[in-house]
file start-v6.cif (mmCIF, C-alpha atoms)
data_data
#
loop_
_atom_site.group_PDB
_atom_site.id
_atom_site.type_symbol
_atom_site.label_atom_id
_atom_site.label_comp_id
_atom_site.auth_asym_id
_atom_site.auth_seq_id
_atom_site.Cartn_x
_atom_site.Cartn_y
_atom_site.Cartn_z
ATOM 1 C CA MET A 1 -30.072 -142.621 2.671
ATOM 2 C CA TRP A 2 -31.223 -139.156 3.556
ATOM 3 C CA CYS A 3 -33.558 -139.227 0.502
ATOM 4 C CA ALA A 4 -35.032 -142.544 1.627
ATOM 5 C CA ALA A 5 -35.763 -141.145 5.080
ATOM 6 C CA LEU A 6 -37.447 -138.094 3.575
ATOM 7 C CA LEU A 7 -39.596 -140.274 1.307
ATOM 8 C CA CYS A 8 -40.689 -142.413 4.277
ATOM 9 C CA ALA A 9 -41.632 -139.297 6.267
ATOM 10 C CA GLY A 10 -43.759 -138.015 3.368
ATOM 11 C CA LEU A 11 -45.592 -141.313 3.050
ATOM 12 C CA ALA A 12 -46.276 -141.310 6.802
ATOM 13 C CA VAL A 13 -47.870 -137.818 6.564
ATOM 14 C CA LEU A 14 -50.070 -138.851 3.637
ATOM 15 C CA SER A 15 -51.197 -141.957 5.490
ATOM 16 C CA ALA A 16 -52.119 -139.909 8.568
ATOM 17 C CA CYS A 17 -54.234 -137.495 6.468
ATOM 18 C CA SER A 18 -56.175 -140.303 4.842
ATOM 19 C CA ASP A 19 -56.850 -141.991 8.202
ATOM 20 C CA GLY A 20 -57.673 -138.852 10.236
ATOM 21 C CA GLY A 21 -60.709 -137.483 8.443
ATOM 22 C CA GLU A 22 -62.588 -136.903 5.265
ATOM 23 C CA PRO A 23 -62.809 -133.873 3.099
ATOM 24 C CA ALA A 24 -65.634 -131.522 4.010
ATOM 25 C CA GLY A 25 -67.640 -132.413 0.909
ATOM 26 C CA ALA A 26 -67.465 -136.095 1.684
ATOM 27 C CA ALA A 27 -68.570 -135.524 5.280
ATOM 28 C CA GLU A 28 -71.566 -133.537 4.164
ATOM 29 C CA SER A 29 -72.464 -136.200 1.618
ATOM 30 C CA ALA A 30 -72.243 -138.871 4.275
ATOM 31 C CA ALA A 31 -74.396 -136.846 6.634
ATOM 32 C CA SER A 32 -77.030 -136.393 3.969
ATOM 33 C CA THR A 33 -77.128 -140.086 3.084
ATOM 34 C CA GLY A 34 -76.708 -141.384 6.628
ATOM 35 C CA THR A 35 -79.437 -142.400 9.022
ATOM 36 C CA PRO A 36 -81.818 -139.461 9.363
ATOM 37 C CA SER A 37 -82.498 -137.943 12.732
ATOM 38 C CA ALA A 38 -85.826 -138.545 14.421
ATOM 39 C CA PRO A 39 -88.630 -137.204 12.195
ATOM 40 C CA GLN A 40 -90.088 -133.880 13.224
ATOM 41 C CA PRO A 41 -93.824 -133.948 13.947
ATOM 42 C CA THR A 42 -95.803 -132.897 10.904
ATOM 43 C CA PRO A 43 -97.738 -129.723 11.748
ATOM 44 C CA THR A 44 -101.425 -130.370 11.575
ATOM 45 C CA PRO A 45 -103.270 -128.033 9.225
ATOM 46 C CA SER A 46 -104.780 -125.149 11.108
ATOM 47 C CA SER A 47 -108.476 -125.607 11.615
ATOM 48 C CA SER A 48 -110.812 -123.227 9.852
ATOM 49 C CA PRO A 49 -111.841 -120.133 11.847
ATOM 50 C CA PRO A 50 -114.795 -120.781 14.110
ATOM 51 C CA SER A 51 -118.048 -119.802 12.531
ATOM 52 C CA ALA A 52 -119.871 -116.867 14.000
ATOM 53 C CA SER A 53 -122.245 -117.708 16.758
ATOM 54 C CA PRO A 54 -125.898 -117.884 15.748
ATOM 55 C CA SER A 55 -126.685 -114.757 17.744
ATOM 56 C CA ALA A 56 -124.021 -112.755 15.870
ATOM 57 C CA SER A 57 -124.933 -114.034 12.432
ATOM 58 C CA VAL A 58 -128.650 -113.461 12.783
ATOM 59 C CA SER A 59 -129.608 -109.821 12.460
ATOM 60 C CA LEU A 60 -131.841 -108.251 15.049
ATOM 61 C CA SER A 61 -135.527 -107.973 14.335
ATOM 62 C CA PRO A 62 -136.738 -104.448 13.466
ATOM 63 C CA ARG A 63 -138.467 -104.212 16.829
ATOM 64 C CA ALA A 64 -135.347 -105.234 18.753
ATOM 65 C CA ALA A 65 -133.115 -102.922 16.699
ATOM 66 C CA VAL A 66 -135.355 -99.882 17.178
ATOM 67 C CA THR A 67 -135.769 -100.681 20.869
ATOM 68 C CA GLY A 68 -131.987 -100.808 21.209
ATOM 69 C CA TRP A 69 -131.677 -97.391 19.542
ATOM 70 C CA PHE A 70 -134.440 -95.987 21.737
ATOM 71 C CA THR A 71 -133.022 -97.221 25.029
ATOM 72 C CA SER A 72 -129.387 -96.330 24.293
ATOM 73 C CA GLY A 73 -129.913 -92.587 23.817
ATOM 74 C CA GLY A 74 -132.489 -92.284 21.064
ATOM 75 C CA GLU A 75 -135.275 -91.487 23.497
ATOM 76 C CA ASP A 76 -133.219 -88.570 24.832
ATOM 77 C CA GLN A 77 -132.949 -87.165 21.295
ATOM 78 C CA LEU A 78 -136.693 -87.485 20.773
ATOM 79 C CA VAL A 79 -137.557 -85.898 24.111
ATOM 80 C CA ASP A 80 -135.143 -82.998 23.561
ATOM 81 C CA VAL A 81 -136.389 -82.197 20.047
ATOM 82 C CA MET A 82 -140.068 -82.597 20.855
ATOM 83 C CA GLY A 83 -139.702 -80.565 24.026
ATOM 84 C CA VAL A 84 -138.078 -77.570 22.336
ATOM 85 C CA ALA A 85 -140.446 -77.791 19.353
ATOM 86 C CA ALA A 86 -143.470 -77.880 21.650
ATOM 87 C CA ASP A 87 -142.165 -74.854 23.545
ATOM 88 C CA VAL A 88 -141.572 -72.817 20.371
ATOM 89 C CA GLN A 89 -144.970 -73.745 18.948
ATOM 90 C CA ALA A 90 -146.754 -72.825 22.204
ATOM 91 C CA ARG A 91 -145.079 -69.414 22.303
ATOM 92 C CA HIS A 92 -145.946 -68.785 18.676
ATOM 93 C CA GLU A 93 -149.585 -69.688 19.298
ATOM 94 C CA ARG A 94 -149.619 -67.134 22.129
ATOM 95 C CA ASP A 95 -148.419 -64.575 19.560
ATOM 96 C CA ALA A 96 -145.125 -64.194 21.345
ATOM 97 C CA LEU A 97 -142.385 -62.642 19.245
ATOM 98 C CA ILE A 98 -139.855 -65.363 18.537
ATOM 99 C CA ILE A 99 -136.705 -64.385 16.741
ATOM 100 C CA ASP A 100 -134.025 -66.403 18.555
ATOM 101 C CA PHE A 101 -134.069 -70.091 17.671
ATOM 102 C CA THR A 102 -130.610 -70.914 19.010
ATOM 103 C CA GLY A 103 -131.884 -73.611 21.371
ATOM 104 C CA LEU A 104 -133.985 -75.205 18.647
ATOM 105 C CA PHE A 105 -131.236 -75.137 16.033
ATOM 106 C CA ASP A 106 -128.696 -76.662 18.430
ATOM 107 C CA THR A 107 -131.085 -79.423 19.511
ATOM 108 C CA VAL A 108 -132.168 -80.297 15.977
ATOM 109 C CA HIS A 109 -128.574 -80.275 14.737
ATOM 110 C CA ALA A 110 -127.520 -82.667 17.527
ATOM 111 C CA ALA A 111 -130.391 -85.013 16.615
ATOM 112 C CA GLN A 112 -129.431 -84.932 12.932
ATOM 113 C CA LYS A 113 -125.874 -85.968 13.807
ATOM 114 C CA TYR A 114 -127.012 -88.769 16.100
ATOM 115 C CA ALA A 115 -127.151 -92.387 14.918
ATOM 116 C CA PRO A 116 -130.116 -93.048 12.608
ATOM 117 C CA ILE A 117 -133.105 -95.097 13.706
ATOM 118 C CA PRO A 118 -132.479 -98.659 12.435
ATOM 119 C CA ASP A 119 -135.794 -98.849 10.586
ATOM 120 C CA ARG A 120 -136.047 -97.178 7.181
ATOM 121 C CA ALA A 121 -139.620 -95.864 7.396
ATOM 122 C CA THR A 122 -139.194 -94.622 10.959
ATOM 123 C CA GLN A 123 -135.855 -92.958 10.190
ATOM 124 C CA THR A 124 -137.366 -91.258 7.121
ATOM 125 C CA ALA A 125 -140.184 -89.854 9.256
ATOM 126 C CA TRP A 126 -137.693 -88.627 11.872
ATOM 127 C CA LYS A 127 -135.349 -87.083 9.313
ATOM 128 C CA THR A 128 -138.200 -85.339 7.473
ATOM 129 C CA ALA A 129 -139.627 -83.880 10.674
ATOM 130 C CA LEU A 130 -136.206 -82.512 11.645
ATOM 131 C CA GLN A 131 -135.786 -80.932 8.207
ATOM 132 C CA HIS A 132 -139.180 -79.217 8.449
ATOM 133 C CA LEU A 133 -138.351 -77.820 11.877
ATOM 134 C CA SER A 134 -134.954 -76.546 10.807
ATOM 135 C CA SER A 135 -136.127 -75.094 7.495
ATOM 136 C CA GLY A 136 -139.226 -73.469 8.981
ATOM 137 C CA ALA A 137 -137.380 -71.885 11.884
ATOM 138 C CA GLY A 138 -134.666 -70.749 9.464
ATOM 139 C CA ASP A 139 -137.197 -68.931 7.293
ATOM 140 C CA VAL A 140 -138.700 -67.177 10.297
ATOM 141 C CA TYR A 141 -135.292 -66.216 11.624
ATOM 142 C CA ASN A 142 -133.997 -64.909 8.284
ATOM 143 C CA ALA A 143 -137.075 -62.746 7.787
ATOM 144 C CA SER A 144 -136.904 -61.313 11.289
ATOM 145 C CA ALA A 145 -135.047 -58.247 12.472
ATOM 146 C CA LEU A 146 -132.416 -60.478 14.061
ATOM 147 C CA GLY A 147 -131.906 -62.110 10.688
ATOM 148 C CA ARG A 148 -131.818 -58.609 9.113
ATOM 149 C CA GLY A 149 -135.260 -58.970 7.634
ATOM 150 C CA THR A 150 -138.098 -56.525 8.158
ATOM 151 C CA GLU A 151 -141.422 -57.877 9.326
ATOM 152 C CA ASP A 152 -143.218 -54.880 7.826
ATOM 153 C CA ASP A 153 -141.947 -55.825 4.392
ATOM 154 C CA PRO A 154 -144.513 -57.963 2.493
ATOM 155 C CA LYS A 155 -141.815 -60.392 1.343
ATOM 156 C CA SER A 156 -140.542 -60.829 4.871
ATOM 157 C CA ARG A 157 -144.073 -61.313 6.161
ATOM 158 C CA GLU A 158 -144.702 -63.938 3.511
ATOM 159 C CA GLN A 159 -141.481 -65.714 4.384
ATOM 160 C CA ILE A 160 -142.361 -65.710 8.072
ATOM 161 C CA ASP A 161 -145.795 -67.177 7.377
ATOM 162 C CA HIS A 162 -144.253 -69.859 5.186
ATOM 163 C CA GLY A 163 -141.677 -70.595 7.860
ATOM 164 C CA TRP A 164 -144.320 -71.193 10.515
ATOM 165 C CA LYS A 165 -146.264 -73.489 8.213
ATOM 166 C CA GLU A 166 -143.092 -75.449 7.576
ATOM 167 C CA PHE A 167 -142.402 -75.571 11.296
ATOM 168 C CA ASP A 168 -145.919 -76.862 11.973
ATOM 169 C CA GLU A 169 -145.303 -79.649 9.445
ATOM 170 C CA GLY A 170 -142.297 -80.618 11.492
ATOM 171 C CA VAL A 171 -144.380 -80.732 14.671
ATOM 172 C CA LYS A 172 -146.999 -82.901 12.943
ATOM 173 C CA GLY A 173 -144.227 -85.183 11.782
ATOM 174 C CA LEU A 174 -142.885 -85.541 15.329
ATOM 175 C CA LYS A 175 -146.324 -86.419 16.676
ATOM 176 C CA ALA A 176 -146.822 -88.986 13.904
ATOM 177 C CA LEU A 177 -143.416 -90.442 14.707
ATOM 178 C CA GLN A 178 -144.318 -90.716 18.373
ATOM 179 C CA THR A 179 -147.504 -92.580 17.434
ATOM 180 C CA ARG A 180 -145.571 -94.897 15.094
ATOM 181 C CA LEU A 181 -143.045 -95.778 17.792
ATOM 182 C CA HIS A 182 -145.907 -96.724 20.103
ATOM 183 C CA ARG A 183 -147.948 -98.722 17.591
ATOM 184 C CA GLN A 184 -145.149 -100.447 15.673
ATOM 185 C CA PHE A 185 -142.605 -100.999 18.423
ATOM 186 C CA GLY A 186 -144.429 -100.561 21.730
ATOM 187 C CA LEU A 187 -142.191 -97.646 22.718
ATOM 188 C CA ASP A 188 -143.445 -94.715 24.777
ATOM 189 C CA LEU A 189 -141.588 -91.602 25.864
ATOM 190 C CA ARG A 190 -140.967 -91.220 29.576
ATOM 191 C CA THR A 191 -142.708 -87.828 29.434
ATOM 192 C CA ASP A 192 -145.271 -86.337 27.061
ATOM 193 C CA PRO A 193 -143.650 -83.249 25.550
ATOM 194 C CA TRP A 194 -146.948 -82.063 24.107
ATOM 195 C CA ALA A 195 -148.821 -82.011 27.419
ATOM 196 C CA ASP A 196 -150.003 -78.589 28.516
ATOM 197 C CA PRO A 197 -147.828 -77.687 31.516
ATOM 198 C CA THR A 198 -150.771 -75.849 33.043
#
call {"tool": "encode", "arguments": {"input": "start-v6.cif", "output": "structure tokens"}}
result
Amino acid sequence: MWCAALLCAGLAVLSACSDGGEPAGAAESAASTGTPSAPQPTPTPSSSPPSASPSASVSLSPRAAVTGWFTSGGEDQLVDVMGVAADVQARHERDALIIDFTGLFDTVHAAQKYAPIPDRATQTAWKTALQHLSSGAGDVYNASALGRGTEDDPKSREQIDHGWKEFDEGVKGLKALQTRLHRQFGLDLRTDPWADPT
């Protein structure tokens, strides 16, 4: 009798297990095959990036580009270089002894580091004029006493003469550039650096 009671208790436990739940694997299977939850909204494909505005995609005309350079600091570079070059040339023509070109070198160097003129021919003219000024003044300086040259020495004298010719080429280049800016782009300096102050 005790064995029969034990057998009945075991059957009762097994019956409770089968009625109370399903194995984990079966539950997962049922969940996967059951009624799906509400569908998630399908993400719409991202639209292509907006195209650049016409004003950004169209490059500036040469006139507008050069005018922008001129009005955003370029004119200051031109005025500074032409002003110091005109001053040095005037003193040389008065036979003044010029051996210190610090102001000229600093001004020309600053202009060479500044943003280029956005027009190839105009930038070439500007760059060439600056090179002539720098090279010419450098020759004069190196042949002078301050540059440890000796003006009485024929070689030094020749170098000085060559330096001034080179410098004059730079001045001519600046004047031609000024004319080009006026004729090609309608740009005029706020002051005339070549005007005789007297």
call {"tool": "resolve_selection", "arguments": {"input": "start-v6.cif", "expression": "the PyMOL selection byres ((chain A and resi 116-119) around 10)", "output": "VMD selection string"}}
result
chain A and resid 60 to 70 74 111 to 115 120 to 127
call {"tool": "closest_residue", "arguments": {"input": "start-v6.cif", "among": "A:Ile160, A:Val81, A:Ala90, A:Ala145", "to": "Gln131 of chain A", "atoms": "only C-alpha atoms"}}
result
A:Val81
call {"tool": "closest_atom_pairs", "arguments": {"input": "start-v6.cif", "of": "segment 85-176 of chain A", "to": "segment 184-195 of chain A", "cutoff": "9 Å", "atoms": "all atoms listed in the file", "output": "JSON lines"}}
result
{"residue": "A:Ala85", "atom": "CA", "partner": "A:Pro193", "partner_atom": "CA", "distance": 8.9}
{"residue": "A:Ala86", "atom": "CA", "partner": "A:Trp194", "partner_atom": "CA", "distance": 6.0}
{"residue": "A:Asp87", "atom": "CA", "partner": "A:Trp194", "partner_atom": "CA", "distance": 8.7}
{"residue": "A:Lys175", "atom": "CA", "partner": "A:Trp194", "partner_atom": "CA", "distance": 8.6}
call {"tool": "axis_aligned_box", "arguments": {"input": "start-v6.cif", "around": "segment 153-167 of chain A", "padding_each_side": "5 Å", "output": "lines of an AutoDock Vina configuration file"}}
result
center_x = -143.4
center_y = -65.7
center_z = 6.3
size_x = 15.7
size_y = 29.7
size_z = 20.0
call {"tool": "resolve_selection", "arguments": {"input": "start-v6.cif", "expression": "the PyMOL selection byres ((chain A and resi 98-108) around 9)", "output": "mmCIF file with C-alpha atoms, keeping the file's coordinate frame"}}
result
data_model
loop_
_atom_site.group_PDB
_atom_site.id
_atom_site.type_symbol
_atom_site.label_atom_id
_atom_site.label_comp_id
_atom_site.auth_asym_id
_atom_site.auth_seq_id
_atom_site.Cartn_x
_atom_site.Cartn_y
_atom_site.Cartn_z
ATOM 1 C CA GLN A 77 -132.949 -87.165 21.295
ATOM 2 C CA ASP A 80 -135.143 -82.998 23.561
ATOM 3 C CA VAL A 81 -136.389 -82.197 20.047
ATOM 4 C CA VAL A 84 -138.078 -77.570 22.336
ATOM 5 C CA ALA A 85 -140.446 -77.791 19.353
ATOM 6 C CA VAL A 88 -141.572 -72.817 20.371
ATOM 7 C CA ARG A 91 -145.079 -69.414 22.303
ATOM 8 C CA HIS A 92 -145.946 -68.785 18.676
ATOM 9 C CA ASP A 95 -148.419 -64.575 19.560
ATOM 10 C CA ALA A 96 -145.125 -64.194 21.345
ATOM 11 C CA LEU A 97 -142.385 -62.642 19.245
ATOM 12 C CA HIS A 109 -128.574 -80.275 14.737
ATOM 13 C CA ALA A 110 -127.520 -82.667 17.527
ATOM 14 C CA ALA A 111 -130.391 -85.013 16.615
ATOM 15 C CA GLN A 112 -129.431 -84.932 12.932
ATOM 16 C CA LYS A 113 -125.874 -85.968 13.807
ATOM 17 C CA LEU A 130 -136.206 -82.512 11.645
ATOM 18 C CA GLN A 131 -135.786 -80.932 8.207
ATOM 19 C CA LEU A 133 -138.351 -77.820 11.877
ATOM 20 C CA SER A 134 -134.954 -76.546 10.807
ATOM 21 C CA ALA A 137 -137.380 -71.885 11.884
ATOM 22 C CA GLY A 138 -134.666 -70.749 9.464
ATOM 23 C CA VAL A 140 -138.700 -67.177 10.297
ATOM 24 C CA TYR A 141 -135.292 -66.216 11.624
ATOM 25 C CA ASN A 142 -133.997 -64.909 8.284
ATOM 26 C CA SER A 144 -136.904 -61.313 11.289
ATOM 27 C CA ALA A 145 -135.047 -58.247 12.472
ATOM 28 C CA LEU A 146 -132.416 -60.478 14.061
ATOM 29 C CA GLY A 147 -131.906 -62.110 10.688
#
call {"tool": "atom_distance", "arguments": {"input": "start-v6.cif", "atom1": "atom CA of Leu177 of chain A", "atom2": "atom CA of Asp161 of chain A"}}
result
24.5 Å
call {"tool": "atom_distance", "arguments": {"input": "start-v6.cif", "atom1": "atom CA of Ser72 of chain A", "atom2": "atom CA of Gly170 of chain A"}}
result
24.0 Å
call {"tool": "atom_distance", "arguments": {"input": "start-v6.cif", "atom1": "atom CA of Trp164 of chain A", "atom2": "atom CA of His182 of chain A"}}
result
27.3 Å
call {"tool": "residues_around", "arguments": {"input": "start-v6.cif", "residues": "Asp139 of chain A", "least_positions_apart": "4", "cutoff": "8 Å", "atoms": "only C-alpha atoms", "output": "MDAnalysis selection string"}}
result
chainID A and resid 135 143 159:160 162:163
call {"tool": "write_last_selection", "arguments": {"input": "start-v6.cif", "atoms": "C-alpha atoms", "output": "compact mmCIF listing (two decimals), in the coordinates of the input"}}
result
# COMPACT_ATOMS: atom_id res chain seq x y z
CA SER A 135 -136.13 -75.09 7.50
CA ALA A 143 -137.07 -62.75 7.79
CA GLN A 159 -141.48 -65.71 4.38
CA ILE A 160 -142.36 -65.71 8.07
CA HIS A 162 -144.25 -69.86 5.19
CA GLY A 163 -141.68 -70.60 7.86
call {"tool": "closest_residue", "arguments": {"input": "start-v6.cif", "among": "A:Thr179, A:Asp196, A:Thr128, A:Asp153", "to": "Glu166 of chain A", "atoms": "all atoms listed in the file"}}
result
A:Thr128
